[in-house]
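The structure under discussion appears below in the form of structure tokens.
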Amino acid sequence: MFIKLNTVKIHITLALCCVFAITANAQDNTHAIGARAAGMGNAGVATVDIWSTVNNQAALTLLSSTEISAFYKNNFGISELSLSALSVAVPVKTGVLGGSVAHFGFSEYSETKISLAYAKRLWKMFSLSVQINYNSLNFTNAYQNTTAVSGEVGLFARLADNLYAGAHVFNPTKSSLSLETKERLPVRYKTGIMYKPISSLLFCADFVYDSGNSISFCGGTEYYILSQLCLRAGVSTNPELFTVGAGYIYKRINFDVAFNYHNVLGYTSCISISYKLNKK
């Protein structure tokens with residue numbers, strides 16, 4: 001009986017993984033990562049933090065110190081649908097180096113993305129980035145292990161003292177997974193803006209278009225009620241989500257949490273912890 005129940009659980013979880021991968025595009029891990037972005041409706045193309053290593057690598061040029069971060073996302077309260085990631089950014093003389101590792105799934109089905117990025121400020125107002133990714137997929141019960149190499153490019157611009165814009169493309173080369181079907185990784189285009197009317201308040205918005213011809217909007221706000229404590233809220237479409245979050249700064253450590261609600265699948269929680277090695 002235990003074996004049968006366990007098998008049923010695995011089958012149900014695999015089905016949920018497939019549904020999640022289709023509805024949330026987990027495979028390429030190109031949705032915004034980091035609890036800060038998650039609290040603002042998953043908008044992150046024009047915001048600047050350690051998770052720009054995933055959301056728009058060109059924004060890394062505004063980081064002034066080496067930083068590392070860990071992220072965990074529990075989708076709908078199901079551990080088998082969890083997403084975990086590590087990120088590091090290192091300013092160097094000629095630009096900023098960034099790296100990240102993201103893993104989704106469990107023993108029967110998992111996805112991994114390993115990335116290395118370089119961002120450089122070209123002019124005072126503009127920055128450009130390139131990134132190379134190693135993508136792997138393991139679907140034990142149905143397919144062989146599959147891999148693909150993909151790329152990303154990003155652009156970040158400071159349009160005014162309180163206005164920023166970003167653009168990002170995932171997989172511009174239309175790379176394919178190494179399956180017999182030659183299934184291609186999606187191509188995703190993202191553009192966004194961030195506006196800070198005052199130092200303690202910002203608004204951000206992203207527009208996302210992918211090769212499946214779907215268009216989505218992500219938007220949110222962040223407000224520092226104290227010098228070390230902020231609150232966040234946001235919305236996104238396709239799928240429709242309502243998000244809330246908070247952040248706290250303690251010396252060189254940033255704590256961020258976020259929650260979102262899907263009207264069918266339920267609640268998702270996120271947490272990030274970041275550390276600045278040489279804060280200036």
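Naming scheme: A, B, ... for chains in displayed order of the structure tokens; residues 1 onward per chain; ligands 1 onward as shown.
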Give the strand (DSSP E) residues of range 43-171 of chain A, as DSSP finds them on the backbone, and put them as a ChimeraX atom specification.
/A:67-74,83-92,95-106,109-121,126-139,146-160,163-170
Excluding Leu62 in chain A and its own-chain neighbours fewer than 5 positions away, which residues fall within 10 Å of it when counting only C-alpha atoms? Please give them as a list in words.
Val48, Asp49, Pro91, Gly95, Val96, Ala119, Lys120, Arg121, Ser127 and Phe156 of chain A
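You can rank A:Thr237, A:Ser211, A:Ser100, A:Thr61 by their closest distance to Lys124 in chain A using only C-alpha atoms, and at the top of that list sits A:Thr61.
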Quote the spacing between CA of Thr146 in chain A and CA of Leu185 in chain A in Å to one decimal place.
11.7 Å
May I ask which of the residues A:Ala32, A:Ala148, A:Val169, A:Ala89 is the closest one to Tyr134 in chain A, counting only C-alpha atoms?
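Ranking A:Ala32, A:Ala148, A:Val169, A:Ala89 by distance to Tyr134 in chain A, first place goes to A:Ala148.
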Quick one, how far is CA of Leu177 in chain A from CA of Val101 in chain A?
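We find that CA of Leu177 in chain A and CA of Val101 in chain A lie 18.3 Å from each other.
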Distance CA of Ile50 in chain A-CA of Asn238 in chain A, one decimal place?
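CA of Asn238 in chain A lies 25.7 Å from CA of Ile50 in chain A.
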